[in-house]
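To keep things clear, I will list the structure first and then write my remarks on it.
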Amino acid sequence: MCVALAALEAVVRVQGPAGERTIKFEDFPRLPGDTPEQDTNLGPDELITALELPANGFAPHSTYLKLRDRASYAFALVSVAVGLEMDGNTIKTARLALGGVAHKPWRDPKAEQLLAGQPASGELFTEIAARLTAGAVGYEHNTFKIELARRAVVRALRQAAAQAATPAALTAH
């Protein structure tokens, strides 16, 4: 769910002794840094009271893809959440997040901007996947996840766009 909430730009509403505050979901999970025991930016005396999703046109053109070793494992090796606002075969706006590749959902707003105004195509999706994984470094036995992430991004973008476009437009490379 974290990957989808990040892609959709959810807001976490919390309540504590100091009152109510909101946290953008992308800022809610923390990178380990100097305090690896803290997974979130939620205070020890705060309680989540709501998750808010902004209104947008993504619902008809969205997908969540979770790739895992076996059906018995709950965690994803790689996951992708995509929300596209489409006008025919043209992407108006896009949101995209990767999971299983960092300590928190991974987004690249520049890659999302590069999708905007473009016709949905396999070639474009491959370029975006390459951008999202550029500079990725594998460690020991997880290097395969880089290529897995690239392929998952392309597949998720195709699935989301296919709900609004003709199949012929999405099969062209």
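Scheme for the structure tokens: letters A, B, ... for chains in order shown; per-chain residue numbers from 1; ligand numbers from 1 in order shown.
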
With DSSP run on the backbone, what are the helix (DSSP H, G or I) residues within stretch 61-130 of chain A? I'd like them as a short mmCIF file (atom, residue, chain, number, x, y, z; two decimals) with N, CA and C atoms, in the first residue's frame.
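As a result, selection24.cif now contains:
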```cif
data_model
loop_
_atom_site.label_atom_id
_atom_site.label_comp_id
_atom_site.auth_asym_id
_atom_site.auth_seq_id
_atom_site.Cartn_x
_atom_site.Cartn_y
_atom_site.Cartn_z
N HIS A 61 -7.17 4.72 -14.98
CA HIS A 61 -5.92 4.39 -15.67
C HIS A 61 -4.80 4.16 -14.65
N PRO A 109 10.06 12.65 -9.88
CA PRO A 109 9.12 13.60 -10.49
C PRO A 109 9.51 14.01 -11.91
N LYS A 110 10.80 14.04 -12.20
CA LYS A 110 11.23 14.39 -13.56
C LYS A 110 10.78 13.33 -14.56
N ALA A 111 10.87 12.07 -14.19
CA ALA A 111 10.40 10.99 -15.07
C ALA A 111 8.90 11.12 -15.30
N GLU A 112 8.16 11.47 -14.26
CA GLU A 112 6.72 11.67 -14.39
C GLU A 112 6.42 12.82 -15.34
N GLN A 113 7.20 13.89 -15.25
CA GLN A 113 7.02 15.04 -16.14
C GLN A 113 7.33 14.68 -17.59
N LEU A 114 8.32 13.80 -17.79
CA LEU A 114 8.67 13.38 -19.15
C LEU A 114 7.55 12.58 -19.81
N LEU A 115 6.71 11.95 -19.03
CA LEU A 115 5.56 11.22 -19.58
C LEU A 115 4.46 12.16 -20.04
N GLY A 122 5.51 1.78 -25.98
CA GLY A 122 6.51 0.91 -25.37
C GLY A 122 7.87 1.57 -25.32
N GLU A 123 8.22 2.31 -26.37
CA GLU A 123 9.52 2.98 -26.42
C GLU A 123 9.64 4.02 -25.31
N LEU A 124 8.60 4.83 -25.13
CA LEU A 124 8.60 5.83 -24.06
C LEU A 124 8.70 5.15 -22.70
N PHE A 125 7.95 4.09 -22.49
CA PHE A 125 7.94 3.41 -21.20
C PHE A 125 9.31 2.81 -20.90
N THR A 126 9.98 2.29 -21.92
CA THR A 126 11.33 1.74 -21.74
C THR A 126 12.31 2.85 -21.34
N GLU A 127 12.19 4.02 -21.96
CA GLU A 127 13.05 5.16 -21.60
C GLU A 127 12.82 5.58 -20.16
N ILE A 128 11.58 5.63 -19.74
CA ILE A 128 11.25 6.02 -18.37
C ILE A 128 11.81 5.00 -17.38
N ALA A 129 11.67 3.72 -17.69
CA ALA A 129 12.19 2.67 -16.82
C ALA A 129 13.71 2.78 -16.68
N ALA A 130 14.39 3.08 -17.79
CA ALA A 130 15.84 3.25 -17.74
C ALA A 130 16.22 4.45 -16.88
#
```

**OP:** Could you pull out the residues in stretch 22-165 of chain A that DSSP calls strand (DSSP E) from the backbone, as a PyMOL selection string?
**Re:** chain A and resi 22-24+47-52+62-67+78-87+90-99

Just write the chosen residues, N, CA and C atoms, as an mmCIF file, in the first residue's frame.
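What follows is the written file again34.cif:
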```
data_model
loop_
_atom_site.group_PDB
_atom_site.id
_atom_site.type_symbol
_atom_site.label_atom_id
_atom_site.label_comp_id
_atom_site.auth_asym_id
_atom_site.auth_seq_id
_atom_site.Cartn_x
_atom_site.Cartn_y
_atom_site.Cartn_z
ATOM 1 N N THR A 22 -0.231 17.574 9.227
ATOM 2 C CA THR A 22 -0.251 16.700 8.060
ATOM 3 C C THR A 22 1.182 16.457 7.611
ATOM 4 N N ILE A 23 1.383 15.278 7.046
ATOM 5 C CA ILE A 23 2.689 14.886 6.517
ATOM 6 C C ILE A 23 2.448 14.357 5.108
ATOM 7 N N LYS A 24 3.144 14.905 4.122
ATOM 8 C CA LYS A 24 3.053 14.334 2.778
ATOM 9 C C LYS A 24 3.530 12.885 2.859
ATOM 10 N N LEU A 47 -0.728 9.906 16.669
ATOM 11 C CA LEU A 47 -1.584 8.844 16.152
ATOM 12 C C LEU A 47 -2.084 9.257 14.769
ATOM 13 N N ILE A 48 -2.051 8.342 13.817
ATOM 14 C CA ILE A 48 -2.604 8.611 12.483
ATOM 15 C C ILE A 48 -4.119 8.643 12.600
ATOM 16 N N THR A 49 -4.718 9.720 12.124
ATOM 17 C CA THR A 49 -6.179 9.835 12.177
ATOM 18 C C THR A 49 -6.823 9.712 10.799
ATOM 19 N N ALA A 50 -6.058 9.943 9.734
ATOM 20 C CA ALA A 50 -6.639 9.849 8.392
ATOM 21 C C ALA A 50 -5.543 9.785 7.337
ATOM 22 N N LEU A 51 -5.883 9.196 6.212
ATOM 23 C CA LEU A 51 -5.084 9.260 4.990
ATOM 24 C C LEU A 51 -5.944 9.952 3.960
ATOM 25 N N GLU A 52 -5.410 10.975 3.336
ATOM 26 C CA GLU A 52 -6.172 11.721 2.340
ATOM 27 C C GLU A 52 -5.548 11.520 0.971
ATOM 28 N N SER A 62 -5.048 3.254 -13.737
ATOM 29 C CA SER A 62 -4.061 3.000 -12.704
ATOM 30 C C SER A 62 -3.837 1.504 -12.559
ATOM 31 N N THR A 63 -2.683 1.174 -11.993
ATOM 32 C CA THR A 63 -2.375 -0.232 -11.749
ATOM 33 C C THR A 63 -1.366 -0.333 -10.629
ATOM 34 N N TYR A 64 -1.356 -1.489 -9.998
ATOM 35 C CA TYR A 64 -0.354 -1.821 -8.986
ATOM 36 C C TYR A 64 0.156 -3.206 -9.340
ATOM 37 N N LEU A 65 1.464 -3.322 -9.460
ATOM 38 C CA LEU A 65 2.095 -4.580 -9.836
ATOM 39 C C LEU A 65 3.050 -4.981 -8.721
ATOM 40 N N LYS A 66 2.881 -6.194 -8.222
ATOM 41 C CA LYS A 66 3.732 -6.704 -7.142
ATOM 42 C C LYS A 66 4.389 -7.987 -7.618
ATOM 43 N N LEU A 67 5.718 -7.988 -7.685
ATOM 44 C CA LEU A 67 6.472 -9.160 -8.111
ATOM 45 C C LEU A 67 7.167 -9.747 -6.894
ATOM 46 N N VAL A 78 9.976 -6.429 -6.101
ATOM 47 C CA VAL A 78 9.784 -5.132 -6.759
ATOM 48 C C VAL A 78 8.282 -4.920 -6.874
ATOM 49 N N SER A 79 7.851 -3.693 -6.643
ATOM 50 C CA SER A 79 6.455 -3.346 -6.906
ATOM 51 C C SER A 79 6.416 -1.995 -7.599
ATOM 52 N N VAL A 80 5.350 -1.771 -8.345
ATOM 53 C CA VAL A 80 5.186 -0.526 -9.090
ATOM 54 C C VAL A 80 3.733 -0.083 -8.981
ATOM 55 N N ALA A 81 3.543 1.181 -8.660
ATOM 56 C CA ALA A 81 2.209 1.786 -8.686
ATOM 57 C C ALA A 81 2.236 2.891 -9.734
ATOM 58 N N VAL A 82 1.232 2.892 -10.604
ATOM 59 C CA VAL A 82 1.144 3.878 -11.676
ATOM 60 C C VAL A 82 -0.257 4.464 -11.696
ATOM 61 N N GLY A 83 -0.322 5.775 -11.834
ATOM 62 C CA GLY A 83 -1.574 6.468 -12.079
ATOM 63 C C GLY A 83 -1.380 7.404 -13.259
ATOM 64 N N LEU A 84 -2.194 7.246 -14.276
ATOM 65 C CA LEU A 84 -2.103 8.093 -15.462
ATOM 66 C C LEU A 84 -3.414 8.823 -15.664
ATOM 67 N N GLU A 85 -3.334 10.081 -15.998
ATOM 68 C CA GLU A 85 -4.506 10.815 -16.472
ATOM 69 C C GLU A 85 -4.330 10.893 -17.976
ATOM 70 N N MET A 86 -5.278 10.338 -18.702
ATOM 71 C CA MET A 86 -5.139 10.178 -20.140
ATOM 72 C C MET A 86 -6.158 11.023 -20.903
ATOM 73 N N ASP A 87 -5.768 11.395 -22.108
ATOM 74 C CA ASP A 87 -6.664 12.000 -23.092
ATOM 75 C C ASP A 87 -6.480 11.181 -24.355
ATOM 76 N N THR A 90 -2.898 9.882 -25.224
ATOM 77 C CA THR A 90 -1.897 10.833 -24.731
ATOM 78 C C THR A 90 -1.951 10.919 -23.218
ATOM 79 N N ILE A 91 -0.782 10.850 -22.597
ATOM 80 C CA ILE A 91 -0.683 10.945 -21.143
ATOM 81 C C ILE A 91 -0.699 12.424 -20.766
ATOM 82 N N LYS A 92 -1.695 12.829 -19.986
ATOM 83 C CA LYS A 92 -1.774 14.221 -19.522
ATOM 84 C C LYS A 92 -0.879 14.415 -18.298
ATOM 85 N N THR A 93 -1.047 13.581 -17.296
ATOM 86 C CA THR A 93 -0.199 13.605 -16.102
ATOM 87 C C THR A 93 0.057 12.168 -15.668
ATOM 88 N N ALA A 94 1.142 11.987 -14.931
ATOM 89 C CA ALA A 94 1.515 10.641 -14.501
ATOM 90 C C ALA A 94 2.082 10.678 -13.091
ATOM 91 N N ARG A 95 1.808 9.619 -12.361
ATOM 92 C CA ARG A 95 2.424 9.383 -11.058
ATOM 93 C C ARG A 95 2.924 7.947 -11.069
ATOM 94 N N LEU A 96 4.126 7.764 -10.530
ATOM 95 C CA LEU A 96 4.779 6.465 -10.605
ATOM 96 C C LEU A 96 5.659 6.290 -9.378
ATOM 97 N N ALA A 97 5.554 5.159 -8.716
ATOM 98 C CA ALA A 97 6.404 4.853 -7.568
ATOM 99 C C ALA A 97 6.855 3.398 -7.642
ATOM 100 N N LEU A 98 8.097 3.184 -7.220
ATOM 101 C CA LEU A 98 8.684 1.842 -7.155
ATOM 102 C C LEU A 98 8.806 1.420 -5.704
ATOM 103 N N GLY A 99 8.558 0.164 -5.429
ATOM 104 C CA GLY A 99 8.764 -0.384 -4.097
ATOM 105 C C GLY A 99 9.724 -1.553 -4.162
#
```

Original post:
Leaving out A:Thr133 and any residue of its chain fewer than 4 positions from it, which residues lie within 8 Å of it when counting only C-alpha atoms, given as a list in words?
Top reply: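 Near neighbours after the sequence-gap exclusion: Ala129, Ile146, Ala149 and Arg150 of chain A.
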
Original post:
When distances are computed from only C-alpha atoms, which of A:Arg70, A:Pro29, A:Ala102, A:Val14 shows the smallest separation from A:Val137?
Top reply: A:Ala102

**OP:** Please provide as a VMD selection string all residues within 12 Å of A:Ala55, with the sequence filter that same-chain residues fewer than 5 positions apart are discarded (counting only C-alpha atoms).
**Re:** chain A and resid 8 to 11 85

**OP:** Between atom CA of A:Arg21 and atom CA of A:Glu46, measure the distance and give it in Å to one decimal.
**Re:**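 Pair atom CA of A:Arg21 / atom CA of A:Glu46 returns 9.6 Å.
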
Original post:
Out of A:His103, A:Arg13, A:Arg68, A:His141, which residue has the shortest atom-to-atom distance to A:Gly33 when counting only C-alpha atoms?
Top reply: A:His103
